[in-house]
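Colleague: Encoded as structure tokens, here's the structure I'll be asking about.
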Amino acid sequence: PLLVQLVNAASAKLLGTDGPVRVLVELVGDGSWTIDMLSRLAGAGADAVVSADQLALDPQEGQLALGEAFIAASGLVSDRADGLFTTVVVDEQRVCLGVVYSNAASVAAALAAAQGVYWSRKRGLWHKGATSGATQTLLSVAVDCDSDVLSFRVRQNGAGFCHHNTRTCFGPVAGISQLAQVVAERRDNAPEGSYTRRLFGDEQLLRAKLLEEATELADASSKSDVAFEAADLLYFVMVKCAAHGVTLADIERSLDLKHRKVVRRPGNAKPQFAAAVASATKPEAPSAIARTSILSADIRPAQPGEQIRMRVYADSELTTVERDALQQRPIIDSEEIMRRVRPIVDAVRANGDAAVLEFTAKFDRVKLDHTVIRAPFEV
């Protein structure tokens, strides 16, 4: 009770109560830690500071066994008859790769090797991936809020954690983690004709696509368009990162550091970008064409079965306004284009060739029985 009172007093008076706090206890003088002392300190809610020379895999007199010391200092408890601890293995993005078991011996081996080492109920000490090559680099070990489950955060190597050669025991990863994994694989072993491979080999193209997709995201307004453009941009961002050896974990570490930064910049846009946005206006519409102009004469919809012909104009017969109107490039609203195109793409994905035949009849006015026509053709 006295130890608990001291820890509580230190938490409230010395460290304050704003957010989670932990009291660190260090022995001074000639004192040495014991397993019992570590357990009692953990039970009181404090952490022990133990020097490295007091820990060993094969402890000598005055030393503590590494695995036993970790379990005692962490306050770990097991409700299993065999005393094993459920261990959740997660990757750098904290995506669960699988569930295994640990004990004092496997924890000590894992910490000593900085690898994923666990305890198999059939085989005993188990160095995961030692045979297949799909090992894990151990990044950190944590204990859950109830002190009865371990979490091993690892960098997965090889095909994956699962013996079925998938990254996780729950199937393949998805979303940004999957994107980062695929892009990294393409960087090292892209098939011939791969667009990602082309981007890795053409810095100017990659730069242009980053600027293009960032602009399209900035201009998007609806929820679906923002998600669509953001996904496009993320793909090119991950290619840029992979080209420079930057992983998703590197990006997350940078985000975490920025989140903890006390002094931040104002966040104003750089002058050249602020000026570009301020000066951006929609293109002016071309000068109106008089109803009597030859450009507007005899314009009517084509009749069913009528051949569609291109209109031809003689430059010498055009006025300046008419010539400018013909040379004016159409104003393209990308959002309007996507609104029209998406239903077509969705229909083809859902109905396949039947949708292709339907749209061929609708847009090209050609009724086909099959999507493939072989010569000779009937004209």
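The way I read the labels, and the way they are meant: chains A, B, ... in the order of the structure tokens, residue 1 as the first residue of every chain, and ligand 1 as the first ligand shown, with later ones counted on from there.
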Please identify which residues in segment 71-196 of chain A DSSP calls alpha helix (DSSP H) from the backbone, and express them as JSON, numbers by chain.
Modeller: {"A": [71, 72, 73, 74, 104, 105, 106, 107, 108, 109, 110, 111, 112, 113, 175, 176, 177, 178, 179, 180, 181, 182, 183, 184, 185, 186, 187, 188, 189, 195, 196]}
Colleague: Using the chain letters and numbers from this document, which residues of segment 43-239 of chain A does DSSP assign to strand (DSSP E), as a ChimeraX atom specification?
Modeller: /A:46-49,55-56,64-65,85-90,96-102,117-120,124-127,136-143,149-156
Colleague: With segment 147-160 of chain A as the partner and 12 Å as the cut-off, tabulate the residues of segment 100-125 of chain A that qualify, each row holding the nearest pair of atoms and their distance in Å to one decimal, using only C-alpha atoms, sorted by chain and rising number, as JSON lines.
Modeller:
```
{"residue": "A:Val100", "atom": "CA", "partner": "A:Leu150", "partner_atom": "CA", "distance": 9.6}
{"residue": "A:Tyr101", "atom": "CA", "partner": "A:Leu150", "partner_atom": "CA", "distance": 8.7}
{"residue": "A:Ser102", "atom": "CA", "partner": "A:Leu150", "partner_atom": "CA", "distance": 8.1}
{"residue": "A:Asn103", "atom": "CA", "partner": "A:Leu150", "partner_atom": "CA", "distance": 10.1}
{"residue": "A:Ala104", "atom": "CA", "partner": "A:Leu150", "partner_atom": "CA", "distance": 11.8}
{"residue": "A:Ser106", "atom": "CA", "partner": "A:Phe152", "partner_atom": "CA", "distance": 12.0}
{"residue": "A:Val107", "atom": "CA", "partner": "A:Leu150", "partner_atom": "CA", "distance": 9.9}
{"residue": "A:Ala110", "atom": "CA", "partner": "A:Phe152", "partner_atom": "CA", "distance": 9.6}
{"residue": "A:Leu111", "atom": "CA", "partner": "A:Phe152", "partner_atom": "CA", "distance": 10.5}
{"residue": "A:Ala114", "atom": "CA", "partner": "A:Val154", "partner_atom": "CA", "distance": 9.3}
{"residue": "A:Gln115", "atom": "CA", "partner": "A:Val154", "partner_atom": "CA", "distance": 8.0}
{"residue": "A:Gly116", "atom": "CA", "partner": "A:Val154", "partner_atom": "CA", "distance": 7.3}
{"residue": "A:Val117", "atom": "CA", "partner": "A:Phe152", "partner_atom": "CA", "distance": 9.7}
{"residue": "A:Tyr118", "atom": "CA", "partner": "A:Phe152", "partner_atom": "CA", "distance": 10.0}
```
Colleague: Output N, CA, C and O atoms of each residue in that selection to a file, as a PDB file, in the first residue's frame.
Modeller:
```
ATOM      1  N   VAL A 100      -0.432 -15.391 -32.127  1.00  0.00           N
ATOM      2  CA  VAL A 100       0.445 -16.478 -31.696  1.00  0.00           C
ATOM      3  C   VAL A 100       0.510 -16.467 -30.165  1.00  0.00           C
ATOM      4  O   VAL A 100      -0.278 -15.781 -29.511  1.00  0.00           O
ATOM      5  N   TYR A 101       1.481 -17.210 -29.603  1.00  0.00           N
ATOM      6  CA  TYR A 101       1.645 -17.250 -28.147  1.00  0.00           C
ATOM      7  C   TYR A 101       3.100 -16.975 -27.773  1.00  0.00           C
ATOM      8  O   TYR A 101       4.017 -17.203 -28.571  1.00  0.00           O
ATOM      9  N   SER A 102       3.284 -16.461 -26.562  1.00  0.00           N
ATOM     10  CA  SER A 102       4.624 -16.169 -26.055  1.00  0.00           C
ATOM     11  C   SER A 102       4.729 -16.629 -24.607  1.00  0.00           C
ATOM     12  O   SER A 102       3.719 -16.795 -23.912  1.00  0.00           O
ATOM     13  N   ASN A 103       5.986 -16.825 -24.174  1.00  0.00           N
ATOM     14  CA  ASN A 103       6.281 -17.026 -22.758  1.00  0.00           C
ATOM     15  C   ASN A 103       7.617 -16.358 -22.461  1.00  0.00           C
ATOM     16  O   ASN A 103       8.179 -15.663 -23.327  1.00  0.00           O
ATOM     17  N   ALA A 104       8.133 -16.538 -21.268  1.00  0.00           N
ATOM     18  CA  ALA A 104       9.368 -15.843 -20.884  1.00  0.00           C
ATOM     19  C   ALA A 104      10.527 -16.206 -21.812  1.00  0.00           C
ATOM     20  O   ALA A 104      11.314 -15.349 -22.218  1.00  0.00           O
ATOM     21  N   SER A 106      10.449 -17.267 -25.028  1.00  0.00           N
ATOM     22  CA  SER A 106      10.311 -16.730 -26.381  1.00  0.00           C
ATOM     23  C   SER A 106      10.464 -15.212 -26.395  1.00  0.00           C
ATOM     24  O   SER A 106      11.026 -14.646 -27.338  1.00  0.00           O
ATOM     25  N   VAL A 107       9.974 -14.549 -25.357  1.00  0.00           N
ATOM     26  CA  VAL A 107      10.142 -13.090 -25.269  1.00  0.00           C
ATOM     27  C   VAL A 107      11.621 -12.735 -25.190  1.00  0.00           C
ATOM     28  O   VAL A 107      12.102 -11.815 -25.862  1.00  0.00           O
ATOM     29  N   ALA A 110      13.170 -13.259 -28.575  1.00  0.00           N
ATOM     30  CA  ALA A 110      12.741 -12.230 -29.521  1.00  0.00           C
ATOM     31  C   ALA A 110      13.467 -10.909 -29.282  1.00  0.00           C
ATOM     32  O   ALA A 110      13.937 -10.255 -30.219  1.00  0.00           O
ATOM     33  N   LEU A 111      13.578 -10.517 -28.003  1.00  0.00           N
ATOM     34  CA  LEU A 111      14.255  -9.266 -27.675  1.00  0.00           C
ATOM     35  C   LEU A 111      15.749  -9.353 -27.995  1.00  0.00           C
ATOM     36  O   LEU A 111      16.343  -8.384 -28.496  1.00  0.00           O
ATOM     37  N   ALA A 114      15.962  -9.425 -31.869  1.00  0.00           N
ATOM     38  CA  ALA A 114      15.193  -8.386 -32.570  1.00  0.00           C
ATOM     39  C   ALA A 114      14.436  -8.998 -33.744  1.00  0.00           C
ATOM     40  O   ALA A 114      14.337  -8.421 -34.828  1.00  0.00           O
ATOM     41  N   GLN A 115      13.882 -10.179 -33.512  1.00  0.00           N
ATOM     42  CA  GLN A 115      13.132 -10.915 -34.530  1.00  0.00           C
ATOM     43  C   GLN A 115      11.821 -11.412 -33.928  1.00  0.00           C
ATOM     44  O   GLN A 115      11.636 -11.418 -32.711  1.00  0.00           O
ATOM     45  N   GLY A 116      10.925 -11.842 -34.825  1.00  0.00           N
ATOM     46  CA  GLY A 116       9.681 -12.435 -34.363  1.00  0.00           C
ATOM     47  C   GLY A 116       9.908 -13.868 -33.907  1.00  0.00           C
ATOM     48  O   GLY A 116      10.004 -14.780 -34.735  1.00  0.00           O
ATOM     49  N   VAL A 117      10.054 -14.059 -32.604  1.00  0.00           N
ATOM     50  CA  VAL A 117      10.236 -15.390 -32.024  1.00  0.00           C
ATOM     51  C   VAL A 117       9.090 -15.622 -31.038  1.00  0.00           C
ATOM     52  O   VAL A 117       8.836 -14.776 -30.171  1.00  0.00           O
ATOM     53  N   TYR A 118       8.412 -16.778 -31.163  1.00  0.00           N
ATOM     54  CA  TYR A 118       7.215 -17.044 -30.364  1.00  0.00           C
ATOM     55  C   TYR A 118       7.305 -18.445 -29.758  1.00  0.00           C
ATOM     56  O   TYR A 118       8.325 -19.122 -29.892  1.00  0.00           O
TER      57      TYR A 118
END
```
Colleague: Would you mind listing what lies within 8 Å of segment 33-49 of chain A as a ChimeraX atom specification, with only C-alpha atoms counted and same-chain residues fewer than 4 positions away left out?
Modeller: /A:3-4,7,22-27,64,68-69,72-75
Colleague: Could you dump the residues just selected with C-alpha atoms as an mmCIF file, in the first residue's frame?
Modeller:
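That gives us selection17.cif:
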```
data_model
loop_
_atom_site.group_PDB
_atom_site.id
_atom_site.type_symbol
_atom_site.label_atom_id
_atom_site.label_comp_id
_atom_site.auth_asym_id
_atom_site.auth_seq_id
_atom_site.Cartn_x
_atom_site.Cartn_y
_atom_site.Cartn_z
ATOM 1 C CA LEU A 3 4.312 1.898 -2.660
ATOM 2 C CA VAL A 4 0.943 2.572 -4.311
ATOM 3 C CA VAL A 7 3.204 6.316 -6.993
ATOM 4 C CA ARG A 22 3.922 6.862 -15.701
ATOM 5 C CA VAL A 23 6.268 7.031 -12.743
ATOM 6 C CA LEU A 24 9.802 5.761 -13.353
ATOM 7 C CA VAL A 25 11.677 4.229 -10.421
ATOM 8 C CA GLU A 26 15.453 3.757 -10.417
ATOM 9 C CA LEU A 27 17.529 2.077 -7.741
ATOM 10 C CA LEU A 64 17.921 -11.225 -13.990
ATOM 11 C CA GLU A 68 11.211 -13.106 -16.748
ATOM 12 C CA ALA A 69 12.235 -9.524 -15.987
ATOM 13 C CA ALA A 72 7.398 -9.063 -14.250
ATOM 14 C CA ALA A 73 8.079 -5.393 -15.032
ATOM 15 C CA SER A 74 5.171 -5.313 -17.516
ATOM 16 C CA GLY A 75 2.734 -6.743 -14.990
#
```
